[in-house]
$ cat data.pdb   # PDB, C-alpha atoms, pLDDT in the B column
ATOM      1  CA  MET A 268      49.439 -19.488 -25.040  1.00 47.00           C
ATOM      2  CA  GLU A 269      51.621 -16.372 -24.914  1.00 59.00           C
ATOM      3  CA  GLU A 270      48.610 -14.207 -23.989  1.00 64.00           C
ATOM      4  CA  LYS A 271      47.762 -16.579 -21.133  1.00 65.00           C
ATOM      5  CA  ASP A 272      51.371 -16.433 -19.904  1.00 74.00           C
ATOM      6  CA  ASN A 273      51.306 -12.629 -20.027  1.00 84.00           C
ATOM      7  CA  GLU A 274      48.126 -12.569 -17.930  1.00 89.00           C
ATOM      8  CA  GLU A 275      49.742 -14.757 -15.294  1.00 90.00           C
ATOM      9  CA  ILE A 276      52.867 -12.560 -15.270  1.00 91.00           C
ATOM     10  CA  ILE A 277      50.746  -9.407 -14.926  1.00 92.00           C
ATOM     11  CA  LYS A 278      48.752 -10.972 -12.093  1.00 92.00           C
ATOM     12  CA  GLN A 279      51.931 -11.921 -10.201  1.00 94.00           C
ATOM     13  CA  THR A 280      53.531  -8.526 -10.772  1.00 96.00           C
ATOM     14  CA  LEU A 281      50.395  -6.674  -9.655  1.00 95.00           C
ATOM     15  CA  GLN A 282      50.458  -8.607  -6.387  1.00 94.00           C
ATOM     16  CA  LYS A 283      54.034  -7.426  -5.886  1.00 96.00           C
ATOM     17  CA  ILE A 284      53.045  -3.826  -6.682  1.00 97.00           C
ATOM     18  CA  TYR A 285      50.135  -3.983  -4.215  1.00 96.00           C
ATOM     19  CA  GLY A 286      52.749  -4.374  -1.473  1.00 96.00           C
ATOM     20  CA  ILE A 287      54.800  -1.229  -2.212  1.00 98.00           C
ATOM     21  CA  SER A 288      54.430   2.285  -0.807  1.00 98.00           C
ATOM     22  CA  PRO A 289      52.593   5.148  -2.564  1.00 98.00           C
ATOM     23  CA  LEU A 290      55.979   6.805  -3.182  1.00 98.00           C
ATOM     24  CA  ASP A 291      57.214   3.675  -4.931  1.00 98.00           C
ATOM     25  CA  LEU A 292      54.002   3.509  -6.953  1.00 98.00           C
ATOM     26  CA  TYR A 293      54.547   7.077  -8.124  1.00 98.00           C
ATOM     27  CA  ILE A 294      58.107   6.226  -9.172  1.00 98.00           C
ATOM     28  CA  LEU A 295      56.743   3.391 -11.323  1.00 98.00           C
ATOM     29  CA  PHE A 296      54.099   5.697 -12.814  1.00 98.00           C
ATOM     30  CA  HIS A 297      56.795   8.297 -13.497  1.00 97.00           C
ATOM     31  CA  LEU A 298      59.049   5.786 -15.251  1.00 97.00           C
ATOM     32  CA  LYS A 299      56.109   4.561 -17.319  1.00 96.00           C
ATOM     33  CA  LYS A 300      55.546   8.121 -18.521  1.00 94.00           C
ATOM     34  CA  ALA A 301      59.214   9.098 -18.869  1.00 92.00           C
ATOM     35  CA  ASN A 302      60.360   5.698 -20.186  1.00 92.00           C
ATOM     36  CA  VAL A 303      63.848   6.276 -18.730  1.00 93.00           C
ATOM     37  CA  ASP A 304      64.856   8.668 -15.942  1.00 93.00           C
ATOM     38  CA  TYR A 305      67.117   9.188 -12.930  1.00 92.00           C
ATOM     39  CA  GLY A 306      66.689   9.973  -9.250  1.00 95.00           C
ATOM     40  CA  LYS A 307      67.306  13.716  -9.253  1.00 93.00           C
ATOM     41  CA  SER A 308      64.679  14.272 -11.942  1.00 92.00           C
ATOM     42  CA  ILE A 309      62.062  12.320  -9.983  1.00 96.00           C
ATOM     43  CA  ALA A 310      62.982  14.085  -6.731  1.00 96.00           C
ATOM     44  CA  SER A 311      62.622  17.525  -8.313  1.00 95.00           C
ATOM     45  CA  ILE A 312      59.078  16.787  -9.515  1.00 94.00           C
ATOM     46  CA  LEU A 313      58.005  15.556  -6.071  1.00 95.00           C
ATOM     47  CA  GLU A 314      60.024  18.271  -4.289  1.00 93.00           C
ATOM     48  CA  MET A 315      61.642  15.596  -2.136  1.00 95.00           C
ATOM     49  CA  PRO A 316      65.268  14.937  -1.065  1.00 96.00           C
ATOM     50  CA  ILE A 317      67.301  13.048  -3.659  1.00 96.00           C
ATOM     51  CA  ASP A 318      68.508  10.552  -1.026  1.00 97.00           C
ATOM     52  CA  VAL A 319      64.946   9.413  -0.342  1.00 97.00           C
ATOM     53  CA  ILE A 320      64.296   8.744  -4.030  1.00 97.00           C
ATOM     54  CA  THR A 321      67.658   7.007  -4.513  1.00 96.00           C
ATOM     55  CA  ASP A 322      66.877   4.621  -1.657  1.00 97.00           C
ATOM     56  CA  GLU A 323      63.477   3.804  -3.177  1.00 98.00           C
ATOM     57  CA  LEU A 324      64.990   3.214  -6.614  1.00 98.00           C
ATOM     58  CA  ASP A 325      67.479   0.777  -5.068  1.00 97.00           C
ATOM     59  CA  LYS A 326      64.622  -1.038  -3.319  1.00 98.00           C
ATOM     60  CA  LEU A 327      62.509  -1.257  -6.485  1.00 98.00           C
ATOM     61  CA  GLU A 328      65.498  -2.613  -8.395  1.00 98.00           C
ATOM     62  CA  LYS A 329      66.142  -5.269  -5.749  1.00 97.00           C
ATOM     63  CA  ILE A 330      62.563  -6.574  -5.906  1.00 97.00           C
ATOM     64  CA  GLY A 331      62.718  -6.704  -9.695  1.00 96.00           C
ATOM     65  CA  LEU A 332      60.224  -3.981 -10.650  1.00 98.00           C
ATOM     66  CA  ILE A 333      62.764  -1.698 -12.352  1.00 98.00           C
ATOM     67  CA  GLU A 334      66.156  -2.135 -13.976  1.00 97.00           C
ATOM     68  CA  ARG A 335      69.120   0.039 -14.896  1.00 93.00           C
ATOM     69  CA  HIS A 336      69.382   1.459 -18.383  1.00 86.00           C
ATOM     70  CA  GLN A 337      72.484   0.165 -20.132  1.00 78.00           C
ATOM     71  CA  GLY A 338      74.779   2.262 -22.320  1.00 64.00           C
ATOM     72  CA  SER A 339      76.788   5.464 -22.010  1.00 57.00           C
ATOM     73  CA  ALA A 340      74.287   7.825 -23.702  1.00 60.00           C
ATOM     74  CA  ILE A 341      70.534   8.281 -23.891  1.00 62.00           C
ATOM     75  CA  LYS A 342      68.545   9.547 -26.861  1.00 59.00           C
ATOM     76  CA  ARG A 343      65.516  11.797 -26.409  1.00 53.00           C
ATOM     77  CA  SER A 344      63.387   9.107 -28.047  1.00 50.00           C
ATOM     78  CA  GLU A 345      64.238   6.887 -25.040  1.00 53.00           C
ATOM     79  CA  ALA A 346      64.002   9.473 -22.231  1.00 50.00           C
ATOM     80  CA  LYS A 347      60.805  11.419 -22.936  1.00 51.00           C
ATOM     81  CA  PHE A 348      61.473  14.136 -20.338  1.00 53.00           C
ATOM     82  CA  LYS A 349      64.827  15.052 -21.906  1.00 48.00           C
ATOM     83  CA  LEU A 350      65.015  18.079 -24.197  1.00 41.00           C
ATOM     84  CA  ALA A 351      68.372  17.393 -25.877  1.00 42.00           C
ATOM     85  CA  GLU A 352      68.537  14.961 -28.787  1.00 46.00           C
ATOM     86  CA  GLU A 353      71.147  12.914 -26.939  1.00 48.00           C
ATOM     87  CA  VAL A 354      72.825  13.236 -23.524  1.00 53.00           C
ATOM     88  CA  ARG A 355      75.837  11.544 -21.961  1.00 52.00           C
ATOM     89  CA  LYS A 356      74.923   9.612 -18.831  1.00 53.00           C
ATOM     90  CA  HIS A 357      76.262  11.284 -15.688  1.00 59.00           C
ATOM     91  CA  HIS A 358      73.644   9.611 -13.492  1.00 74.00           C
ATOM     92  CA  THR A 359      72.197   6.126 -13.033  1.00 90.00           C
ATOM     93  CA  TYR A 360      69.103   5.860 -15.211  1.00 92.00           C
ATOM     94  CA  TYR A 361      66.270   3.417 -14.589  1.00 95.00           C
ATOM     95  CA  LYS A 362      63.385   1.973 -16.557  1.00 96.00           C
ATOM     96  CA  LEU A 363      60.530  -0.423 -15.862  1.00 97.00           C
ATOM     97  CA  THR A 364      61.006  -4.106 -16.503  1.00 97.00           C
ATOM     98  CA  ARG A 365      58.792  -5.512 -19.250  1.00 94.00           C
ATOM     99  CA  GLU A 366      56.550  -7.207 -16.669  1.00 95.00           C
ATOM    100  CA  THR A 367      56.192  -4.030 -14.615  1.00 97.00           C
ATOM    101  CA  CYS A 368      55.422  -1.970 -17.702  1.00 96.00           C
ATOM    102  CA  LEU A 369      52.537  -4.276 -18.636  1.00 94.00           C
ATOM    103  CA  SER A 370      51.202  -4.219 -15.080  1.00 96.00           C
ATOM    104  CA  ILE A 371      51.475  -0.453 -14.581  1.00 97.00           C
ATOM    105  CA  ARG A 372      49.530   0.014 -17.805  1.00 94.00           C
ATOM    106  CA  ARG A 373      46.688  -1.898 -16.140  1.00 92.00           C
ATOM    107  CA  LEU A 374      46.823   0.282 -13.023  1.00 94.00           C
ATOM    108  CA  ILE A 375      46.912   3.521 -14.990  1.00 95.00           C
ATOM    109  CA  LYS A 376      43.965   2.613 -17.199  1.00 93.00           C
ATOM    110  CA  ASN A 377      41.787   0.452 -14.917  1.00 94.00           C
ATOM    111  CA  TYR A 378      39.943   2.048 -11.976  1.00 96.00           C
ATOM    112  CA  ASN A 379      39.312  -1.262 -10.213  1.00 95.00           C
ATOM    113  CA  ASN A 380      42.965  -2.310 -10.343  1.00 94.00           C
ATOM    114  CA  LEU A 381      44.178   1.046  -9.016  1.00 96.00           C
ATOM    115  CA  ASN A 382      41.485   1.044  -6.341  1.00 96.00           C
ATOM    116  CA  GLU A 383      42.594  -2.449  -5.314  1.00 96.00           C
ATOM    117  CA  TYR A 384      46.066  -1.033  -4.660  1.00 97.00           C
ATOM    118  CA  PHE A 385      44.752   1.704  -2.361  1.00 98.00           C
ATOM    119  CA  LYS A 386      42.341  -0.726  -0.707  1.00 97.00           C
ATOM    120  CA  SER A 387      45.292  -2.986   0.128  1.00 96.00           C
ATOM    121  CA  LEU A 388      46.873  -0.046   1.992  1.00 97.00           C
ATOM    122  CA  THR A 389      43.853   1.088   4.008  1.00 97.00           C
ATOM    123  CA  GLY A 390      41.323  -1.751   4.054  1.00 97.00           C
ATOM    124  CA  TYR A 391      38.638   0.657   2.781  1.00 97.00           C
ATOM    125  CA  ASP A 392      36.827  -0.215  -0.456  1.00 96.00           C
ATOM    126  CA  ASN A 393      36.479   3.366  -1.751  1.00 97.00           C
ATOM    127  CA  THR A 394      39.909   4.789  -0.942  1.00 98.00           C
ATOM    128  CA  LEU A 395      40.596   5.848  -4.537  1.00 98.00           C
ATOM    129  CA  LYS A 396      37.157   7.480  -4.772  1.00 97.00           C
ATOM    130  CA  LEU A 397      37.900   9.416  -1.568  1.00 98.00           C
ATOM    131  CA  LEU A 398      41.260  10.664  -2.883  1.00 98.00           C
ATOM    132  CA  ILE A 399      39.617  11.783  -6.136  1.00 97.00           C
ATOM    133  CA  PHE A 400      36.927  13.546  -4.076  1.00 97.00           C
ATOM    134  CA  LEU A 401      39.559  15.385  -2.018  1.00 96.00           C
ATOM    135  CA  ARG A 402      41.411  16.332  -5.180  1.00 96.00           C
ATOM    136  CA  LYS A 403      38.286  18.013  -6.523  1.00 94.00           C
ATOM    137  CA  ALA A 404      37.193  19.463  -3.160  1.00 92.00           C
ATOM    138  CA  GLU A 405      40.755  20.702  -2.428  1.00 91.00           C
ATOM    139  CA  ASN A 406      40.117  21.038   1.329  1.00 90.00           C
ATOM    140  CA  GLU A 407      37.575  19.162   3.441  1.00 93.00           C
ATOM    141  CA  HIS A 408      37.007  17.885   6.981  1.00 91.00           C
ATOM    142  CA  ALA A 409      35.869  14.564   8.441  1.00 93.00           C
ATOM    143  CA  GLY A 410      32.254  15.685   8.956  1.00 92.00           C
ATOM    144  CA  THR A 411      31.673  16.272   5.258  1.00 93.00           C
ATOM    145  CA  ILE A 412      33.608  13.157   4.241  1.00 95.00           C
ATOM    146  CA  LEU A 413      31.554  10.856   6.457  1.00 95.00           C
ATOM    147  CA  LYS A 414      28.311  12.264   5.026  1.00 95.00           C
ATOM    148  CA  VAL A 415      29.472  11.905   1.429  1.00 96.00           C
ATOM    149  CA  PHE A 416      30.777   8.345   1.884  1.00 97.00           C
ATOM    150  CA  GLY A 417      28.266   7.063   4.446  1.00 96.00           C
ATOM    151  CA  LEU A 418      30.863   6.335   7.129  1.00 96.00           C
ATOM    152  CA  ASP A 419      30.705   6.781  10.896  1.00 96.00           C
ATOM    153  CA  MET A 420      33.020   9.267  12.611  1.00 95.00           C
ATOM    154  CA  ASP A 421      35.404   6.677  14.102  1.00 96.00           C
ATOM    155  CA  SER A 422      35.888   4.959  10.725  1.00 96.00           C
ATOM    156  CA  THR A 423      36.426   8.310   8.992  1.00 96.00           C
ATOM    157  CA  ILE A 424      39.027   9.506  11.513  1.00 95.00           C
ATOM    158  CA  ASN A 425      40.808   6.147  11.362  1.00 97.00           C
ATOM    159  CA  LEU A 426      40.896   6.253   7.555  1.00 97.00           C
ATOM    160  CA  LEU A 427      42.162   9.835   7.458  1.00 97.00           C
ATOM    161  CA  GLU A 428      44.919   8.970   9.939  1.00 97.00           C
ATOM    162  CA  LYS A 429      46.001   6.039   7.741  1.00 98.00           C
ATOM    163  CA  LEU A 430      46.066   8.239   4.630  1.00 98.00           C
ATOM    164  CA  GLU A 431      48.109  10.866   6.462  1.00 98.00           C
ATOM    165  CA  LYS A 432      50.672   8.280   7.646  1.00 97.00           C
ATOM    166  CA  LEU A 433      50.939   7.002   4.067  1.00 98.00           C
ATOM    167  CA  GLY A 434      51.769  10.523   2.874  1.00 97.00           C
ATOM    168  CA  LEU A 435      48.617  10.751   0.747  1.00 98.00           C
ATOM    169  CA  ILE A 436      46.917  13.622   2.621  1.00 98.00           C
ATOM    170  CA  ILE A 437      48.026  16.395   4.987  1.00 96.00           C
ATOM    171  CA  PRO A 438      46.176  18.591   7.496  1.00 93.00           C
ATOM    172  CA  VAL A 439      45.453  22.138   6.345  1.00 88.00           C
ATOM    173  CA  LYS A 440      47.277  24.779   8.399  1.00 74.00           C
ATOM    174  CA  GLU A 441      45.354  27.842   7.223  1.00 60.00           C
ATOM    175  CA  LYS A 442      42.883  29.359   9.721  1.00 56.00           C
ATOM    176  CA  ILE A 443      40.579  30.589   6.946  1.00 52.00           C
ATOM    177  CA  ILE A 444      39.810  28.727   3.696  1.00 50.00           C
ATOM    178  CA  LYS A 445      38.477  30.726   0.757  1.00 52.00           C
ATOM    179  CA  ALA A 446      35.526  29.388  -1.235  1.00 48.00           C
ATOM    180  CA  LYS A 447      37.690  28.603  -4.261  1.00 48.00           C
ATOM    181  CA  HIS A 448      39.717  26.205  -2.087  1.00 47.00           C
ATOM    182  CA  ARG A 449      36.727  24.339  -0.591  1.00 50.00           C
ATOM    183  CA  LYS A 450      34.756  23.246  -3.617  1.00 50.00           C
ATOM    184  CA  ALA A 451      32.680  20.467  -2.023  1.00 52.00           C
ATOM    185  CA  LYS A 452      30.795  22.970   0.142  1.00 52.00           C
ATOM    186  CA  PRO A 453      31.595  26.473  -1.077  1.00 52.00           C
ATOM    187  CA  LYS A 454      31.102  29.493   1.168  1.00 50.00           C
ATOM    188  CA  GLU A 455      32.676  32.906   0.722  1.00 48.00           C
ATOM    189  CA  GLU A 456      35.173  31.774   3.341  1.00 45.00           C
ATOM    190  CA  THR A 457      35.351  29.088   6.050  1.00 48.00           C
ATOM    191  CA  ARG A 458      37.001  29.351   9.454  1.00 47.00           C
ATOM    192  CA  THR A 459      38.768  26.058  10.231  1.00 47.00           C
ATOM    193  CA  HIS A 460      37.167  25.012  13.531  1.00 54.00           C
ATOM    194  CA  HIS A 461      37.681  21.412  12.374  1.00 72.00           C
ATOM    195  CA  THR A 462      40.784  19.720  10.999  1.00 86.00           C
ATOM    196  CA  TYR A 463      40.688  20.043   7.220  1.00 91.00           C
ATOM    197  CA  TYR A 464      42.666  17.819   4.873  1.00 95.00           C
ATOM    198  CA  ARG A 465      44.016  18.077   1.371  1.00 95.00           C
ATOM    199  CA  ILE A 466      45.894  15.637  -0.844  1.00 97.00           C
ATOM    200  CA  THR A 467      49.685  15.814  -0.985  1.00 97.00           C
ATOM    201  CA  ARG A 468      51.740  16.517  -4.084  1.00 97.00           C
ATOM    202  CA  LEU A 469      52.521  12.793  -4.189  1.00 97.00           C
ATOM    203  CA  THR A 470      48.815  11.940  -4.455  1.00 98.00           C
ATOM    204  CA  GLU A 471      48.253  14.697  -6.990  1.00 97.00           C
ATOM    205  CA  MET A 472      50.981  13.279  -9.237  1.00 96.00           C
ATOM    206  CA  ILE A 473      49.722   9.687  -8.914  1.00 97.00           C
ATOM    207  CA  LEU A 474      46.210  10.775  -9.891  1.00 97.00           C
ATOM    208  CA  ARG A 475      47.508  13.049 -12.637  1.00 95.00           C
ATOM    209  CA  TYR A 476      49.529  10.227 -14.225  1.00 94.00           C
ATOM    210  CA  SER A 477      46.625   7.776 -14.026  1.00 94.00           C
ATOM    211  CA  GLU A 478      43.725   7.835 -16.485  1.00 86.00           C
ATOM    212  CA  VAL A 479      40.961   6.970 -14.008  1.00 84.00           C
ATOM    213  CA  SER A 480      40.488  10.279 -12.164  1.00 71.00           C
TER
END

$ encode --input "data.pdb" --output "structure tokens"
Amino acid sequence: MEEKDNEEIIKQTLQKIYGISPLDLYILFHLKKANVDYGKSIASILEMPIDVITDELDKLEKIGLIERHQGSAIKRSEAKFKLAEEVRKHHTYYKLTRETCLSIRRLIKNYNNLNEYFKSLTGYDNTLKLLIFLRKAENEHAGTILKVFGLDMDSTINLLEKLEKLGLIIPVKEKIIKAKHRKAKPKEETRTHHTYYRITRLTEMILRYSEVS
């Protein structure tokens, strides 16, 4: 009975997670790995302003996906990214709720569940596969992507625009790309007559913390 209840809780929580932003998803992944952490630590890893992360932590707390850590001190056994045996709390620390922890475990370990999240953002069935491809390729343009994934040009451009707005990819600014940075179609060097894309640090960290890539 308890196992059945857990499955229903996980299912409900996953539906809630499918509605959050990629930044919020990373924060949940980070807290799963760190166990307990605070805004400045998360912001430093993503190289983002602390205010942005603080706002997202408040939002995640309000919708019940994370909660504040109680107590005046934190042991290293609780906060895995801390080096000291015990630290006094000068910041607000957060952790995943039990329900979120169970659900994030599913996303981290299950390709289909994580792909379902990205599909809910873009409407494209192979969004996760595309992000993994770009991670390995490092830099690539729409022409190669459409050939690899069997898409037409309009669908490819539309998908890339969605991923850029979501903060998952960015256009490459370099005029020349060396072979070591274009691994899907290596040449000694490539002049960027097309718009090339690469994944953002946010995407890199999401994929790095998952076990499906």

$ closest_residue --input "data.pdb" --among "A:Leu388, A:Ile276, A:Leu469, A:Ile312" --to "A:Arg402" --atoms "only C-alpha atoms"
A:Leu469

$ closest_residue --input "data.pdb" --among "A:Met315, A:Glu428, A:Thr367, A:Ile320" --to "A:Phe296" --atoms "only C-alpha atoms"
A:Thr367

$ residues_around --input "data.pdb" --residues "A:Asn425" --least-positions-apart "4" --cutoff "12 Å" --atoms "only C-alpha atoms" --output "PDB file with C-alpha atoms, keeping the file's coordinate frame"
ATOM      1  CA  THR A 389      43.853   1.088   4.008  1.00 97.00           C
ATOM      2  CA  GLY A 390      41.323  -1.751   4.054  1.00 97.00           C
ATOM      3  CA  TYR A 391      38.638   0.657   2.781  1.00 97.00           C
ATOM      4  CA  ALA A 409      35.869  14.564   8.441  1.00 93.00           C
ATOM      5  CA  LEU A 413      31.554  10.856   6.457  1.00 95.00           C
ATOM      6  CA  LEU A 418      30.863   6.335   7.129  1.00 96.00           C
ATOM      7  CA  ASP A 419      30.705   6.781  10.896  1.00 96.00           C
ATOM      8  CA  MET A 420      33.020   9.267  12.611  1.00 95.00           C
ATOM      9  CA  ASP A 421      35.404   6.677  14.102  1.00 96.00           C
ATOM     10  CA  LYS A 429      46.001   6.039   7.741  1.00 98.00           C
ATOM     11  CA  LEU A 430      46.066   8.239   4.630  1.00 98.00           C
ATOM     12  CA  GLU A 431      48.109  10.866   6.462  1.00 98.00           C
ATOM     13  CA  LYS A 432      50.672   8.280   7.646  1.00 97.00           C
TER      14      LYS A 432
END

$ closest_residue --input "data.pdb" --among "A:Ala301, A:Ile424, A:Leu433, A:Cys368" --to "A:Ile284" --atoms "all atoms listed in the file"
A:Cys368

$ residues_around --input "data.pdb" --residues "A:Thr359" --least-positions-apart "5" --cutoff "10 Å" --atoms "only C-alpha atoms" --output "MDAnalysis selection string"
chainID A and resid 304:307 321 335:337

$ atom_distance --input "data.pdb" --atom1 "atom CA of A:Lys300" --atom2 "atom CA of A:Arg365"
14.0 Å

$ residues_around --input "data.pdb" --residues "A:Thr470" --least-positions-apart "6" --cutoff "9 Å" --atoms "only C-alpha atoms" --output "tab-separated table (two decimals) with C-alpha atoms, in the coordinates of the input"
chain	number	residue	atom	x	y	z
A	289	PRO	CA	52.59	5.15	-2.56
A	290	LEU	CA	55.98	6.80	-3.18
A	293	TYR	CA	54.55	7.08	-8.12
A	398	LEU	CA	41.26	10.66	-2.88
A	402	ARG	CA	41.41	16.33	-5.18
A	434	GLY	CA	51.77	10.52	2.87
A	435	LEU	CA	48.62	10.75	0.75
A	436	ILE	CA	46.92	13.62	2.62

$ atom_distance --input "data.pdb" --atom1 "atom CA of A:Lys362" --atom2 "atom CA of A:Thr394"
28.3 Å

$ atom_distance --input "data.pdb" --atom1 "atom CA of A:Leu397" --atom2 "atom CA of A:Phe416"
8.0 Å

$ resolve_selection --input "data.pdb" --expression "the PyMOL selection byres ((chain A and resi 326-328) around 12)" --output "PyMOL selection string"
chain A and resi 283-284+286-288+290-295+298+319-325+329-336+359-364+367

$ residues_around --input "data.pdb" --residues "A:Glu274" --least-positions-apart "6" --cutoff "12 Å" --atoms "all atoms listed in the file" --output "compact mmCIF listing (two decimals) with C-alpha atoms, in the frame of the given file"
# COMPACT_ATOMS: atom_id res chain seq x y z
CA MET A 268 49.44 -19.49 -25.04
CA THR A 280 53.53 -8.53 -10.77
CA LEU A 281 50.40 -6.67 -9.65
CA GLU A 366 56.55 -7.21 -16.67
CA LEU A 369 52.54 -4.28 -18.64
CA SER A 370 51.20 -4.22 -15.08
CA ARG A 373 46.69 -1.90 -16.14

$ closest_residue --input "data.pdb" --among "A:Lys376, A:Lys440, A:Lys386, A:His461" --to "A:Thr411" --atoms "all atoms listed in the file"
A:His461

$ build_atoms --input "data.pdb" --residues "stretch 291-311 of chain A" --atoms "N, CA and C atoms" --output "tab-separated table (two decimals), keeping the file's coordinate frame"
chain	number	residue	atom	x	y	z
A	291	ASP	N	56.69	4.62	-3.94
A	291	ASP	CA	57.21	3.68	-4.93
A	291	ASP	C	56.27	3.54	-6.12
A	292	LEU	N	54.97	3.57	-5.85
A	292	LEU	CA	54.00	3.51	-6.95
A	292	LEU	C	54.17	4.71	-7.87
A	293	TYR	N	54.34	5.90	-7.28
A	293	TYR	CA	54.55	7.08	-8.12
A	293	TYR	C	55.79	6.91	-9.00
A	294	ILE	N	56.87	6.40	-8.41
A	294	ILE	CA	58.11	6.23	-9.17
A	294	ILE	C	57.85	5.32	-10.39
A	295	LEU	N	57.07	4.27	-10.20
A	295	LEU	CA	56.74	3.39	-11.32
A	295	LEU	C	55.89	4.12	-12.35
A	296	PHE	N	54.92	4.90	-11.89
A	296	PHE	CA	54.10	5.70	-12.81
A	296	PHE	C	54.98	6.68	-13.59
A	297	HIS	N	55.90	7.32	-12.87
A	297	HIS	CA	56.80	8.30	-13.50
A	297	HIS	C	57.64	7.63	-14.58
A	298	LEU	N	58.21	6.47	-14.27
A	298	LEU	CA	59.05	5.79	-15.25
A	298	LEU	C	58.24	5.28	-16.43
A	299	LYS	N	56.97	4.95	-16.20
A	299	LYS	CA	56.11	4.56	-17.32
A	299	LYS	C	55.92	5.74	-18.27
A	300	LYS	N	55.76	6.93	-17.70
A	300	LYS	CA	55.55	8.12	-18.52
A	300	LYS	C	56.85	8.61	-19.17
A	301	ALA	N	57.93	8.58	-18.38
A	301	ALA	CA	59.21	9.10	-18.87
A	301	ALA	C	59.97	8.09	-19.72
A	302	ASN	N	59.68	6.81	-19.52
A	302	ASN	CA	60.36	5.70	-20.19
A	302	ASN	C	61.70	5.39	-19.52
A	303	VAL	N	62.55	6.41	-19.40
A	303	VAL	CA	63.85	6.28	-18.73
A	303	VAL	C	64.10	7.57	-17.95
A	304	ASP	N	64.55	7.45	-16.71
A	304	ASP	CA	64.86	8.67	-15.94
A	304	ASP	C	65.76	8.33	-14.76
A	305	TYR	N	66.20	9.38	-14.05
A	305	TYR	CA	67.12	9.19	-12.93
A	305	TYR	C	66.57	9.86	-11.68
A	306	GLY	N	67.20	9.57	-10.55
A	306	GLY	CA	66.69	9.97	-9.25
A	306	GLY	C	66.47	11.45	-9.06
A	307	LYS	N	67.41	12.27	-9.47
A	307	LYS	CA	67.31	13.72	-9.25
A	307	LYS	C	66.11	14.30	-9.98
A	308	SER	N	65.82	13.80	-11.17
A	308	SER	CA	64.68	14.27	-11.94
A	308	SER	C	63.37	13.95	-11.22
A	309	ILE	N	63.27	12.73	-10.71
A	309	ILE	CA	62.06	12.32	-9.98
A	309	ILE	C	61.91	13.14	-8.71
A	310	ALA	N	63.00	13.33	-7.98
A	310	ALA	CA	62.98	14.08	-6.73
A	310	ALA	C	62.54	15.52	-6.95
A	311	SER	N	62.97	16.13	-8.05
A	311	SER	CA	62.62	17.52	-8.31
A	311	SER	C	61.12	17.69	-8.58
